[in-house]
>>> print(open('query.cif').read())   # mmCIF, C-alpha atoms
data_entry
loop_
_atom_site.group_PDB
_atom_site.id
_atom_site.type_symbol
_atom_site.label_atom_id
_atom_site.label_comp_id
_atom_site.auth_asym_id
_atom_site.auth_seq_id
_atom_site.Cartn_x
_atom_site.Cartn_y
_atom_site.Cartn_z
ATOM 1 C CA MET A 653 0.000 0.000 0.000
ATOM 2 C CA LYS A 654 0.956 3.634 -0.455
ATOM 3 C CA LEU A 655 0.388 6.445 2.029
ATOM 4 C CA TRP A 656 0.425 9.974 0.712
ATOM 5 C CA SER A 657 1.552 11.888 3.751
ATOM 6 C CA PHE A 658 3.325 14.975 5.067
ATOM 7 C CA TRP A 659 5.738 14.486 7.933
ATOM 8 C CA ARG A 660 4.224 17.229 10.097
ATOM 9 C CA SER A 661 0.589 16.350 9.368
ATOM 10 C CA THR A 662 -1.060 15.078 12.532
ATOM 11 C CA THR A 663 -3.857 13.435 10.543
ATOM 12 C CA SER A 664 -1.160 11.503 8.670
ATOM 13 C CA PHE A 665 0.392 10.661 12.045
ATOM 14 C CA ARG A 666 -2.852 8.965 13.123
ATOM 15 C CA VAL A 667 -2.796 6.650 10.119
ATOM 16 C CA ARG A 668 0.941 5.941 10.279
ATOM 17 C CA ALA A 669 0.578 4.989 13.937
ATOM 18 C CA ALA A 670 -2.426 2.730 13.335
ATOM 19 C CA LEU A 671 -0.666 0.884 10.510
ATOM 20 C CA GLY A 672 2.411 0.544 12.697
ATOM 21 C CA LEU A 673 0.455 -0.818 15.655
ATOM 22 C CA LYS A 674 -1.039 -3.487 13.412
ATOM 23 C CA GLY A 675 2.232 -4.280 11.655
ATOM 24 C CA VAL A 676 0.909 -3.359 8.213
ATOM 25 C CA PRO A 677 3.650 -2.355 5.742
ATOM 26 C CA PHE A 678 3.230 0.707 3.537
ATOM 27 C CA GLU A 679 5.242 3.045 1.334
ATOM 28 C CA THR A 680 5.319 6.739 2.242
ATOM 29 C CA LEU A 681 4.823 9.221 -0.592
ATOM 30 C CA SER A 682 5.548 12.751 0.586
ATOM 31 C CA VAL A 683 3.204 15.631 -0.231
ATOM 32 C CA ASN A 684 4.838 18.838 0.974
ATOM 33 C CA LEU A 685 2.007 21.000 2.251
ATOM 34 C CA MET A 686 4.304 23.964 2.844
ATOM 35 C CA LYS A 687 5.264 23.947 -0.848
ATOM 36 C CA HIS A 688 1.572 23.588 -1.818
ATOM 37 C CA GLU A 689 2.125 20.261 -3.560
ATOM 38 C CA GLN A 690 -1.363 19.247 -2.429
ATOM 39 C CA LEU A 691 -2.828 21.834 -4.812
ATOM 40 C CA SER A 692 -1.463 20.142 -7.944
ATOM 41 C CA ASP A 693 -3.846 18.514 -10.405
ATOM 42 C CA THR A 694 -1.901 15.288 -9.967
ATOM 43 C CA PHE A 695 -2.617 15.118 -6.246
ATOM 44 C CA GLY A 696 -6.151 16.416 -6.763
ATOM 45 C CA ALA A 697 -6.831 13.284 -8.796
ATOM 46 C CA ILE A 698 -5.675 11.217 -5.815
ATOM 47 C CA SER A 699 -7.399 13.220 -3.080
ATOM 48 C CA PRO A 700 -10.257 15.439 -4.303
ATOM 49 C CA GLY A 701 -10.123 17.491 -1.109
ATOM 50 C CA ARG A 702 -6.380 17.943 -1.617
ATOM 51 C CA GLY A 703 -5.644 16.856 1.922
ATOM 52 C CA VAL A 704 -3.418 14.222 3.443
ATOM 53 C CA PRO A 705 -3.418 11.411 4.316
ATOM 54 C CA ALA A 706 -4.564 9.326 1.361
ATOM 55 C CA LEU A 707 -4.165 5.567 1.504
ATOM 56 C CA GLY A 708 -3.668 3.738 -1.771
ATOM 57 C CA LEU A 709 -4.752 0.110 -1.543
ATOM 58 C CA GLU A 710 -2.976 -2.695 -3.358
ATOM 59 C CA ASP A 711 -5.769 -2.867 -5.963
ATOM 60 C CA GLY A 712 -5.393 0.826 -6.796
ATOM 61 C CA ARG A 713 -8.383 2.179 -4.896
ATOM 62 C CA ILE A 714 -7.680 5.212 -2.721
ATOM 63 C CA LEU A 715 -9.150 6.150 0.655
ATOM 64 C CA THR A 716 -9.082 9.633 2.171
ATOM 65 C CA GLN A 717 -9.984 11.352 5.455
ATOM 66 C CA SER A 718 -7.996 9.982 8.379
ATOM 67 C CA MET A 719 -10.932 8.857 10.525
ATOM 68 C CA ALA A 720 -12.434 6.909 7.606
ATOM 69 C CA VAL A 721 -9.023 5.392 6.872
ATOM 70 C CA LEU A 722 -8.673 4.365 10.518
ATOM 71 C CA ASP A 723 -12.080 2.680 10.317
ATOM 72 C CA TYR A 724 -10.933 0.759 7.215
ATOM 73 C CA ILE A 725 -7.695 -0.269 8.911
ATOM 74 C CA GLU A 726 -9.577 -1.562 11.947
ATOM 75 C CA ALA A 727 -12.074 -3.486 9.802
ATOM 76 C CA THR A 728 -9.339 -5.026 7.640
ATOM 77 C CA TRP A 729 -6.725 -5.796 10.308
ATOM 78 C CA PRO A 730 -8.690 -6.231 13.546
ATOM 79 C CA GLU A 731 -5.708 -7.260 15.693
ATOM 80 C CA PRO A 732 -4.606 -5.627 17.832
ATOM 81 C CA PRO A 733 -7.857 -3.678 18.100
ATOM 82 C CA ILE A 734 -7.887 0.114 18.150
ATOM 83 C CA LEU A 735 -11.622 0.255 18.824
ATOM 84 C CA PRO A 736 -13.373 -1.671 21.620
ATOM 85 C CA SER A 737 -16.049 -4.252 20.863
ATOM 86 C CA ASP A 738 -18.404 -3.008 23.577
ATOM 87 C CA PRO A 739 -20.757 -0.592 21.768
ATOM 88 C CA VAL A 740 -20.999 1.949 24.589
ATOM 89 C CA LEU A 741 -17.254 2.073 25.170
ATOM 90 C CA ARG A 742 -16.708 2.236 21.406
ATOM 91 C CA ALA A 743 -18.996 5.267 21.232
ATOM 92 C CA ARG A 744 -17.125 6.922 24.100
ATOM 93 C CA VAL A 745 -13.768 6.309 22.430
ATOM 94 C CA LEU A 746 -15.050 7.779 19.177
ATOM 95 C CA SER A 747 -16.644 10.726 20.954
ATOM 96 C CA ALA A 748 -13.313 11.685 22.526
ATOM 97 C CA ALA A 749 -11.463 11.052 19.267
ATOM 98 C CA HIS A 750 -13.921 13.297 17.456
ATOM 99 C CA THR A 751 -13.332 16.043 19.999
ATOM 100 C CA VAL A 752 -9.865 16.233 18.472
ATOM 101 C CA ALA A 753 -10.690 15.359 14.871
ATOM 102 C CA LEU A 754 -13.820 17.482 14.498
ATOM 103 C CA ASP A 755 -13.553 20.224 17.125
ATOM 104 C CA ILE A 756 -9.861 21.037 17.629
ATOM 105 C CA HIS A 757 -8.027 20.019 14.482
ATOM 106 C CA PRO A 758 -10.139 21.881 11.890
ATOM 107 C CA ALA A 759 -9.456 25.184 13.682
ATOM 108 C CA ASN A 760 -5.716 24.453 13.437
ATOM 109 C CA ASN A 761 -5.810 23.445 9.769
ATOM 110 C CA LEU A 762 -3.264 25.099 7.465
ATOM 111 C CA ARG A 763 -5.964 26.144 4.992
ATOM 112 C CA LEU A 764 -7.958 27.928 7.658
ATOM 113 C CA LEU A 765 -4.873 29.646 9.080
ATOM 114 C CA ALA A 766 -3.913 30.808 5.595
ATOM 115 C CA GLU A 767 -7.349 32.389 5.210
ATOM 116 C CA LEU A 768 -6.984 34.170 8.548
ATOM 117 C CA ARG A 769 -3.742 35.663 7.270
ATOM 118 C CA SER A 770 -4.765 36.544 3.731
ATOM 119 C CA ARG A 771 -8.429 37.473 4.149
ATOM 120 C CA PHE A 772 -8.419 39.044 7.587
ATOM 121 C CA GLY A 773 -4.797 40.161 7.956
ATOM 122 C CA ALA A 774 -4.166 38.167 11.119
ATOM 123 C CA THR A 775 -0.661 38.429 12.551
ATOM 124 C CA GLU A 776 1.367 35.395 13.621
ATOM 125 C CA ASP A 777 0.685 36.244 17.280
ATOM 126 C CA GLN A 778 -3.040 36.370 16.551
ATOM 127 C CA ILE A 779 -2.829 33.052 14.694
ATOM 128 C CA ARG A 780 -1.118 31.484 17.717
ATOM 129 C CA ASP A 781 -3.766 32.927 20.050
ATOM 130 C CA TRP A 782 -6.494 31.498 17.793
ATOM 131 C CA MET A 783 -4.925 28.039 17.871
ATOM 132 C CA HIS A 784 -4.354 28.153 21.629
ATOM 133 C CA HIS A 785 -7.992 29.136 22.204
ATOM 134 C CA TRP A 786 -9.375 26.143 20.340
ATOM 135 C CA MET A 787 -6.824 23.729 21.764
ATOM 136 C CA ARG A 788 -7.588 24.872 25.307
ATOM 137 C CA ASP A 789 -11.303 24.506 24.675
ATOM 138 C CA GLY A 790 -10.887 21.032 23.193
ATOM 139 C CA PHE A 791 -8.382 19.761 25.745
ATOM 140 C CA THR A 792 -10.740 20.837 28.534
ATOM 141 C CA THR A 793 -13.486 18.753 26.937
ATOM 142 C CA LEU A 794 -11.096 15.827 26.474
ATOM 143 C CA GLU A 795 -9.993 15.973 30.076
ATOM 144 C CA ALA A 796 -13.604 15.382 31.115
ATOM 145 C CA GLN A 797 -14.027 12.532 28.610
ATOM 146 C CA LEU A 798 -10.908 10.471 29.274
ATOM 147 C CA ASN A 799 -10.983 7.585 31.734
ATOM 148 C CA PRO A 800 -9.219 8.606 34.971
ATOM 149 C CA ASP A 801 -8.161 5.053 35.877
ATOM 150 C CA THR A 802 -6.478 3.663 32.751
ATOM 151 C CA GLU A 803 -2.987 3.998 31.333
ATOM 152 C CA PHE A 804 -4.218 5.031 27.902
ATOM 153 C CA SER A 805 -7.364 6.990 27.056
ATOM 154 C CA PHE A 806 -9.794 4.189 27.877
ATOM 155 C CA GLY A 807 -7.807 1.034 28.502
ATOM 156 C CA ALA A 808 -4.485 -0.764 28.790
ATOM 157 C CA ALA A 809 -3.560 -0.396 25.108
ATOM 158 C CA PRO A 810 -3.697 2.482 22.598
ATOM 159 C CA ASP A 811 -6.886 3.072 20.653
ATOM 160 C CA VAL A 812 -8.118 5.547 18.038
ATOM 161 C CA CYS A 813 -8.583 8.213 20.688
ATOM 162 C CA ASP A 814 -4.979 7.883 21.863
ATOM 163 C CA LEU A 815 -3.726 8.426 18.312
ATOM 164 C CA CYS A 816 -5.845 11.551 17.913
ATOM 165 C CA VAL A 817 -4.876 12.941 21.310
ATOM 166 C CA THR A 818 -1.158 12.352 20.776
ATOM 167 C CA GLY A 819 -1.317 13.952 17.353
ATOM 168 C CA GLN A 820 -2.886 17.027 18.903
ATOM 169 C CA THR A 821 -0.336 17.235 21.703
ATOM 170 C CA ILE A 822 2.330 17.302 18.984
ATOM 171 C CA ASN A 823 0.680 20.470 17.660
ATOM 172 C CA ALA A 824 0.347 21.878 21.164
ATOM 173 C CA HIS A 825 4.075 21.557 21.782
ATOM 174 C CA ARG A 826 4.893 22.945 18.368
ATOM 175 C CA PHE A 827 2.849 26.071 19.007
ATOM 176 C CA GLY A 828 3.905 26.556 22.615
ATOM 177 C CA LEU A 829 0.764 25.551 24.520
ATOM 178 C CA ASP A 830 1.477 24.377 28.085
ATOM 179 C CA LEU A 831 -0.385 21.119 28.756
ATOM 180 C CA ALA A 832 -0.125 21.406 32.552
ATOM 181 C CA PRO A 833 -3.872 22.083 33.036
ATOM 182 C CA TRP A 834 -4.810 18.695 31.544
ATOM 183 C CA PRO A 835 -3.137 15.840 33.479
ATOM 184 C CA LYS A 836 -5.117 13.061 31.785
ATOM 185 C CA VAL A 837 -4.144 14.360 28.358
ATOM 186 C CA ARG A 838 -0.501 14.411 29.486
ATOM 187 C CA ARG A 839 -0.862 10.870 30.849
ATOM 188 C CA VAL A 840 -2.141 9.642 27.490
ATOM 189 C CA GLU A 841 0.699 11.333 25.641
ATOM 190 C CA ALA A 842 3.296 9.857 27.992
ATOM 191 C CA ALA A 843 1.864 6.348 27.619
ATOM 192 C CA CYS A 844 1.771 6.612 23.825
ATOM 193 C CA LEU A 845 5.351 7.803 23.654
ATOM 194 C CA GLN A 846 6.424 4.498 25.218
ATOM 195 C CA VAL A 847 4.949 2.506 22.310
ATOM 196 C CA PRO A 848 7.543 1.860 19.551
ATOM 197 C CA ALA A 849 4.995 1.872 16.708
ATOM 198 C CA ILE A 850 3.707 5.274 17.792
ATOM 199 C CA VAL A 851 7.203 6.682 18.231
ATOM 200 C CA ALA A 852 8.050 5.492 14.719
ATOM 201 C CA ALA A 853 5.071 7.479 13.410
ATOM 202 C CA LEU A 854 6.173 10.773 15.005
ATOM 203 C CA PRO A 855 6.860 13.640 12.585
ATOM 204 C CA GLU A 856 10.589 13.798 13.266
ATOM 205 C CA ASN A 857 10.962 10.101 12.386
ATOM 206 C CA GLN A 858 9.547 10.386 8.856
ATOM 207 C CA PRO A 859 11.644 10.121 5.688
ATOM 208 C CA ASP A 860 10.546 13.591 4.542
ATOM 209 C CA ALA A 861 11.151 15.260 7.926
ATOM 210 C CA GLU A 862 12.969 18.568 7.774
ATOM 211 C CA PRO A 863 15.556 19.673 10.346
ATOM 212 C CA ALA A 864 14.439 22.103 13.023
ATOM 213 C CA PRO A 865 15.281 25.722 12.109
#
>>> encode(input="query.cif", output="structure tokens")
Amino acid sequence: MKLWSFWRSTTSFRVRAALGLKGVPFETLSVNLMKHEQLSDTFGAISPGRGVPALGLEDGRILTQSMAVLDYIEATWPEPPILPSDPVLRARVLSAAHTVALDIHPANNLRLLAELRSRFGATEDQIRDWMHHWMRDGFTTLEAQLNPDTEFSFGAAPDVCDLCVTGQTINAHRFGLDLAPWPKVRRVEAACLQVPAIVAALPENQPDAEPAP
């Protein structure tokens, strides 16, 4: 399989980590978002929304949108599971995961930030304040959702929620947000960073990673 990805994309991180946890091999094809490679007609034919990740299956079909790709991965390679079988717990895991994927992440998206700059003249300090606002709001919701008694978000092993949360903490560190107010979020991050497959999926460990300035 092929994974169109950008090293710093946290949605790509979710998929890389899930494939790694399940031991599924894939080839990384870099799409440099900072150089606007996602806007090319070539990539538009792969991903109509011009976003990463996109997962190319062995038969040539292509899947997009990280949460849909994670659902496919779980359905195709069920072991080890990244979603619980109990329907109520599954819904709780997805609810917390969606707090990141649907509430926090879209407000941090590069396309939205570019519009704030170009259409409304936002400064870099204002952009950072915007991102911090939505991360604080979302992390406060997450803190109330996460299980207080488990190592990971809801159990003894990483699930879809853990991948989303860890991806978002990567952004938080990058943009200078102190995670001290959310101890359960920090606990989840710490647990995930002890898992080799998740560490291998981190931005700095990707073949297209760029050195820190």
>>> resolve_selection(input="query.cif", expression="the PyMOL selection byres ((chain A and resi 802) around 12)", output="PDB file with C-alpha atoms, keeping the file's coordinate frame")
ATOM      1  CA  LEU A 798     -10.908  10.471  29.274  1.00  0.00           C
ATOM      2  CA  ASN A 799     -10.983   7.585  31.734  1.00  0.00           C
ATOM      3  CA  PRO A 800      -9.219   8.606  34.971  1.00  0.00           C
ATOM      4  CA  ASP A 801      -8.161   5.053  35.877  1.00  0.00           C
ATOM      5  CA  GLU A 803      -2.987   3.998  31.333  1.00  0.00           C
ATOM      6  CA  PHE A 804      -4.218   5.031  27.902  1.00  0.00           C
ATOM      7  CA  SER A 805      -7.364   6.990  27.056  1.00  0.00           C
ATOM      8  CA  PHE A 806      -9.794   4.189  27.877  1.00  0.00           C
ATOM      9  CA  GLY A 807      -7.807   1.034  28.502  1.00  0.00           C
ATOM     10  CA  ALA A 808      -4.485  -0.764  28.790  1.00  0.00           C
ATOM     11  CA  ALA A 809      -3.560  -0.396  25.108  1.00  0.00           C
ATOM     12  CA  PRO A 810      -3.697   2.482  22.598  1.00  0.00           C
ATOM     13  CA  ASP A 814      -4.979   7.883  21.863  1.00  0.00           C
ATOM     14  CA  LYS A 836      -5.117  13.061  31.785  1.00  0.00           C
ATOM     15  CA  VAL A 837      -4.144  14.360  28.358  1.00  0.00           C
ATOM     16  CA  ARG A 839      -0.862  10.870  30.849  1.00  0.00           C
ATOM     17  CA  VAL A 840      -2.141   9.642  27.490  1.00  0.00           C
ATOM     18  CA  ALA A 843       1.864   6.348  27.619  1.00  0.00           C
TER      19      ALA A 843
END
>>> closest_residue(input="query.cif", among="A:Leu735, A:Ala849, A:Leu741, A:Ala842", to="Gln797 (chain A)", atoms="all atoms listed in the file")
A:Leu741
>>> atom_distance(input="query.cif", atom1="CA of Ala670 (chain A)", atom2="CA of Pro758 (chain A)")
20.7 Å
>>> closest_residue(input="query.cif", among="A:Leu709, A:Leu691, A:Val851, A:Leu722", to="Arg666 (chain A)", atoms="only C-alpha atoms")
A:Leu722
>>> residues_around(input="query.cif", residues="Trp782 (chain A)", least_positions_apart="5", cutoff="10 Å", atoms="all atoms listed in the file", output="list in words")
Ala759, Asn760, Leu765, Leu768, Ala774, Glu776, Asp777 and Met787 of chain A
>>> write_last_selection(input="query.cif", atoms="C-alpha atoms", output="CSV table (one decimal), in the coordinates of the input")
chain,number,residue,atom,x,y,z
A,759,ALA,CA,-9.5,25.2,13.7
A,760,ASN,CA,-5.7,24.5,13.4
A,765,LEU,CA,-4.9,29.6,9.1
A,768,LEU,CA,-7.0,34.2,8.5
A,774,ALA,CA,-4.2,38.2,11.1
A,776,GLU,CA,1.4,35.4,13.6
A,777,ASP,CA,0.7,36.2,17.3
A,787,MET,CA,-6.8,23.7,21.8
>>> atom_distance(input="query.cif", atom1="CA of Gln820 (chain A)", atom2="CA of Ile756 (chain A)")
8.1 Å
>>> axis_aligned_box(input="query.cif", around="region 741-755 of chain A", padding_each_side="5 Å", output="lines of an AutoDock Vina configuration file")
center_x = -14.4
center_y = 11.1
center_z = 19.8
size_x = 19.1
size_y = 28.2
size_z = 20.7
